[in-house]
Every structure is written in structure tokens, then in C-alpha cells.
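Read the structure below first, then the notes.
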Amino acid sequence: MTVVTRFAPSPTGYLHIGGARTALFNYLYARHFGGVYKLRIEDTDRKRSTDAAIEAIFDGLSWLGLQGDGEPVYQSARAARHVEVAHDLLAKGHAYRCYCSQEELAAMRERMKDEGRKTPYDGTWRDRDPSETPAGVDPVIRIKMPRDGGSTTIRDLVQGDVTIENDQLDDFILLRADETPTYMLSVVVDDHDMGVTHVIRGDDHLVNAFRQYHLFRNAGWDVPEFAHIPLIHGPDGAKLSKRHGALGVEQYRDMGYLPETLKNYLLRLGWSHGDDEIISEQQAIEWFDLDAVGRSPSRMDFQRMENLNGHYLRQADPAGLASTVAAALNVAENPILVERLTAGMAGLTQRCDTIPQLIDAARFYVEPPTFPLSDPKSAKLVAGAGPVLAKELADTALQSLDPWTEEALHDAMKSFVEAKGIGFGKVAQPVRGALTGTFASPDLTQVMRVLGKEECLARIAALPENPEAA
């Protein structure tokens with residue numbers, strides 16, 4: 001048997017972080033078993049489904065590398081097939097027409113509730129004689145669920161055996177009065193026709209699984225394996241919501257997270273492989289199986305995700321990061337500055353965990369500091385006699401330095417401070433202030449090498465001196 005999984009989002013908004021994890025689990029499970037991972041857009045709710053939401057889903061999945069194998073299936077385009085199956089079930093006696101009015105259904109719901117019965121519909125038209133059909137009423141078509149008083153058990157690959165009493169399962173609607181199919185019918189028909197063998201989704205769909213199980217059986221089709229994953233909660237243990245922060249995948253991208261980070265983090269939300277935290281995609285494909293998915297909800301930890309992003313930032317291609325930073329700083333068309341950013345990227349990423357942090361940290365490579373420095377802590381770098389010492393260093397030790405390497409720069413500065421009988425920081429601080437305008441920068445000699453001799457000397461020369469310094 002070839003494993004076939006599917007990710008089936010409803011295009012009513014952005015790609016939710018929980019949906020992205022569902023897509024990831026389906027992708028990894030299919031890849032682990034050499035199977036097929038498909039994408040289906042469940043757009044039968046035409047009032048709420050939008051083209052913008054569909055594009056947002058495609059965009060998010062593409063960014064994560066989870067697009068799906070083959071062309072996506074649009075559920076709305078298959079309505080005729082869904083209707084065909086409903087009528088086939090009707091012809092075989094597995095479904096029936098119901099002529100209840102909305103007023104009758106409302107009264108029925110209240111009566112069933114008062115009687116303590118667990119379903120909202122009592123099967124009024126299940127066994128009625130066709131001669132009783134009222135004139136001028138367009139019926140719905142309902143499925144015949146089991147009425148034997150027993151129970152239904154589903155062997156869930158995450159939750160284990162789950163049982164529900166059959167009296168909790170009502171004869172739900174397959175086709176509305178206007179002949180439009182319901183979600184429950186469309187999902188089952190599409191899963192069958194797409195050859196889906198494993199339905200991996202959030203555990204908020206667990207109750208639906210029992211209805212769908214019987215619809216598969218009534219249609220005479222094989223029932224796929226079910227795996228219902230616990231939902232993602234916020235740091236406080238409550239269901240993840242807007243008050244916890246970003247919910248959409250594109251928000252995390254805009255906040256500066258890398259796709260590798262998000263996939264690694266989502267993988268570890270509810271699934272584990274020993275104590276491994278940093279897991280590559282190839283390792284994930286090799287190791288992933290549903291028996292390691294936990295049954296309890298996972299909690300988002302944004303600090304942990306940021307730290308993880310720092311790891312992937314340091315593993316990323318320097319040229320690619322430089323291109324992103326250059327675009328953000330509006331210097332993408334300047335090859336000299338792009339090359340400078342690329343050369344300095346290794347040092348910059350050591351101090352950053354997100355792209356916005358990286359952009360801010362790299363700014364000094366494309367534009368010199370503006371004096372006076374606004375940050376009080378940074379301003380101390382160029383206070384007192386510091387600028388005078390920095391300019392003396394430039395004139396006596398740096399002007400003629402060749403080669404301009406980190407080792408040579410360190411030796412030149414060391415010789416200068418030893419001759420002066422002062423600490424290294426006395427000259428390093430004002431030089432750092434002149435070159436970067438901040439105390440938080442990569443190693444000073446690395447910064448000097450990347451900026452180059454001409455730029456370093458020009459920035460030091462531009463240092464304003466303090467006339468009151470002794």
C-alpha cells in the first residue's frame with residue numbers, strides 16, 4: 001500500500017500556525033514511508049472562502065516547502081461528484097429524504113434537549129412512507145447512522161482506541177435542500193477519490209471522525225487510518241489565540257523567522273525523538289512516525305523559538321542573508337555594500353536571533369555613525385580623550401599597515417597601547433564608536449577588516465573631538 005496523506009485547509013483566512021504543523025506532519029509521514037502528500041482546498045463555503053486567503057495559504061506553504069505533490073484539489077470544483085454519491089447512497093437505502101421545516105427542527109432540538117437525548121434530530125423521516133411526502137417542500141438528504149444501540153470504536157494512531165455510543169450520532173445532512181453538499185459529505189468523498197490512506201489532523205475533528213467512519217462504511221469504501229493531533233496552546237495553557245501573539249505563518253516570516261526554524265519548532269511541538277532539539281528536515285523524514293506524537297496539548301514558547309532561529313540564522317547562506325539585509329537597507333543595487341555585508345555576516349549572526357535584529361545590527365556596514373551618538377551607553381565610547389587616541393592610532397599605526405588583516409590589525413593596536421602604557425580598551429572603545437556607533441558589534445578587528453582600510457580611516461577621521469578632554 002502506498003501511503004497517501006493530505007492537508008486540507010479552509011481558505012477563510014491566513015495559514016494558521018496549527019495548520020502549518022498539520023501540513024508538516026502529513027508531509028513528513030508521507031515522505032517517511034515513500035508515499036504521497038496532497039493538498040486540498042476545502043472551499044465549499046463560498047461566502048467565507050476568498051481568493052486572497054487561498055493565495056495566503058499557497059504562499060505560506062511555499063515558504064515552508066510544504067506545497068503538496070501534484071496539483072491542488074479544489075473541493076468546490078467537485079460538487080457534482082459529491083451530489084452523485086449522495087444520490088447513490090439514497091438509491092441503496094443508506095440515506096433518506098427529510099422534509100422537516102426549520103420550525104419543526106427547532107422544536108425538535110428543544111424537545112430532544114429536554115428529554116436528555118444527545119442528538120438534535122430524532123429520525124422523523126427515516127422510515128416514513130413516501131405517500132406522506134408534503135407538497136412544495138424541497139427535502140434534504142440525511143445519512144442513516146446505526147440504530148442498534150451499540151457503540152463505534154475508532155483505532156486512532158495518536159489517541160489510541162476511542163469509543164462513542166451510537167446514540168450520540170445523529171442522521172446528519174449530506175445534501176441541503178438546494179442540492180449543495182455538506183462539508184461532512186465532501187470530505188469523505190474527496191478523501192476516497194484522492195486515495196487518502198491516513199487522515200492526520202487536529203483533535204478538534206475527532207468527533208467528526210465517527211460520522212465520517214460510518215459514511216465510508218455506508219458507501220462501501222475502505223476507511224482510512226485516523227490520527228488526531230492535540231492542538232497547540234499558548235504559554236499560559238489556554239487555546240492559542242490572538243492575545244498570545246502571532247497566529248499566521250506569514251506573521252512569523254515578517255517577524256524575521258526562517259522557514260527551517262518554524263518547521264523544526266513545530267515538529268517538536270507534540271512530537272519528540274529522544275532529547276534531540278535541532279532536527280534537520282532529512283532527519284525528520286527519517287525519524288518521523290505517529291507513535292511519538294503525544295496526546296496532550298503543546299504550549300508555545302516564543303523565547304525558545306527565537307533561540308532556535310538564532311541557530312538557523314548562523315547556519316544560513318551568508319550571501320542570501322546579505323541580500324535580504326541589503327534590500328531592507330535599500331542598498332541592494334550597490335555591489336560594494338552587498339559584498340561588505342556578505343563578508344561581515346558571520347560576525348553579525350553571532351549576536352542576532354531574527355532577521356530584524358540582523359538588519360539593525362548590520363546598519364553600520366552601509367552607513368557611518370552620526371554624531372553625537374543618541375544612545376548614552378554608546379556615547380561613552382567616544383567620550384573624553386578617546387577620539388584623540390583613535391586618530392593618533394590611525395595616523396601612526398593604521399595608515400601604513402599592510403596587509404590589512406585581523407591578525408595584523410590586532411598586533412598594530414596592541415603595539416600602540418603598549419607603547420602608550422594604556423589598556424587596550426582605551427583605544428579600542430573609541431575606534432569601535434567611530435566605526436559602528438555602538439558598543440554591541442562583532443569583534444573589532446573583524447569589523448575593521450570587513451570595512452576596509454580606506455573606510456576605517458575615513459570614519460576615524462570624522463570623529464568629533466571633545467575640547468574639554470584632558
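Starting from 1 in every chain, residues are counted up; chains themselves are A, B, ... following the order of the C-alpha cells, and ligands are numbered from 1 as listed.
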
Which residues, written as a list in words, have at least one atom at most 9 Å from stretch 319-329 of chain A, with only C-alpha atoms counted and residues fewer than 3 positions away on the same chain left out?
-> Leu313, Ala316, Ala332, Glu333, Asn334, Leu337, Val338, Glu339, Arg340, Leu341, Thr342, Ala343, Gly344, Met345, Ile355, Pro356, Leu358, Ile359, Asp360, Ala362, Arg363 and Val366 of chain A

* To do: Would you please extract all strand (DSSP E) residues from stretch 87-294 of chain A, as assigned by DSSP on the backbone, and give them as a PyMOL selection string?
  => chain A and resi 95-98+140-143+151-156+160-165+173-175+198-202+225-229+232-233

Residue with the minimum atom-to-atom distance to A:Glu454, picked from A:Gln399, A:Thr405, A:Ser441, A:Asn466 with only C-alpha atoms counted, is A:Gln399

Shell of 9 Å around A:Gly123, only C-alpha atoms, local chain residues under 2 positions omitted, as a PyMOL selection string: chain A and resi 98+121+125-127+144+170-171

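Picture a line from atom CA of A:Gly294 to atom CA of A:His233; it runs 13.7 Å.
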
>> Please identify the alpha helix (DSSP H) residues within stretch 231-433 of chain A (assignment by DSSP from backbone atoms) and present them as a PyMOL selection string.
In response: chain A and resi 249-254+259-268+281-287+302-315+318-328+335-349+355-366+376-379+386-393+406-420+425-433

- Message: Report as a PyMOL selection string all protein, DNA and RNA residues lying within 10 Å of stretch 199-213 of chain A, evaluated on only C-alpha atoms, omitting residues in the same chain fewer than 6 positions from it.
- Response: chain A and resi 4-8+18-19+21-23+25-26+29+143+145+152-154+156-159+162-164+166+168-172+184-185+187-189+191+221-232+290+295+297

Checklist entry - Within 6 Å of A:Pro139, counting only C-alpha atoms, which residues qualify if same-chain residues fewer than 2 places away don't, as a ChimeraX atom specification? => result /A:97-99,177

Q) Which residues come within 6 Å of A:Ser76, counting only C-alpha atoms, excluding same-chain residues fewer than 3 positions away, as a PyMOL selection string? A) chain A and resi 43-44+79

Print the selection's residues with C-alpha atoms to a file, as a compact mmCIF listing (two decimals), in the first residue's frame.
# COMPACT_ATOMS: atom_id res chain seq x y z
CA ASP A 43 -13.59 25.99 -0.37
CA THR A 44 -17.18 24.77 -0.30
CA ALA A 79 -19.63 19.35 -6.09

Near A:Arg243, within 12 Å and counting only C-alpha atoms, which residues show up once chain neighbours fewer than 6 positions away are dropped, as a PyMOL selection string? chain A and resi 233-236

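Distances from A:Met448, A:Leu463, A:Val431, A:Ala80 to A:Pro372 were compared using only C-alpha atoms, and the smallest one belongs to A:Leu463.
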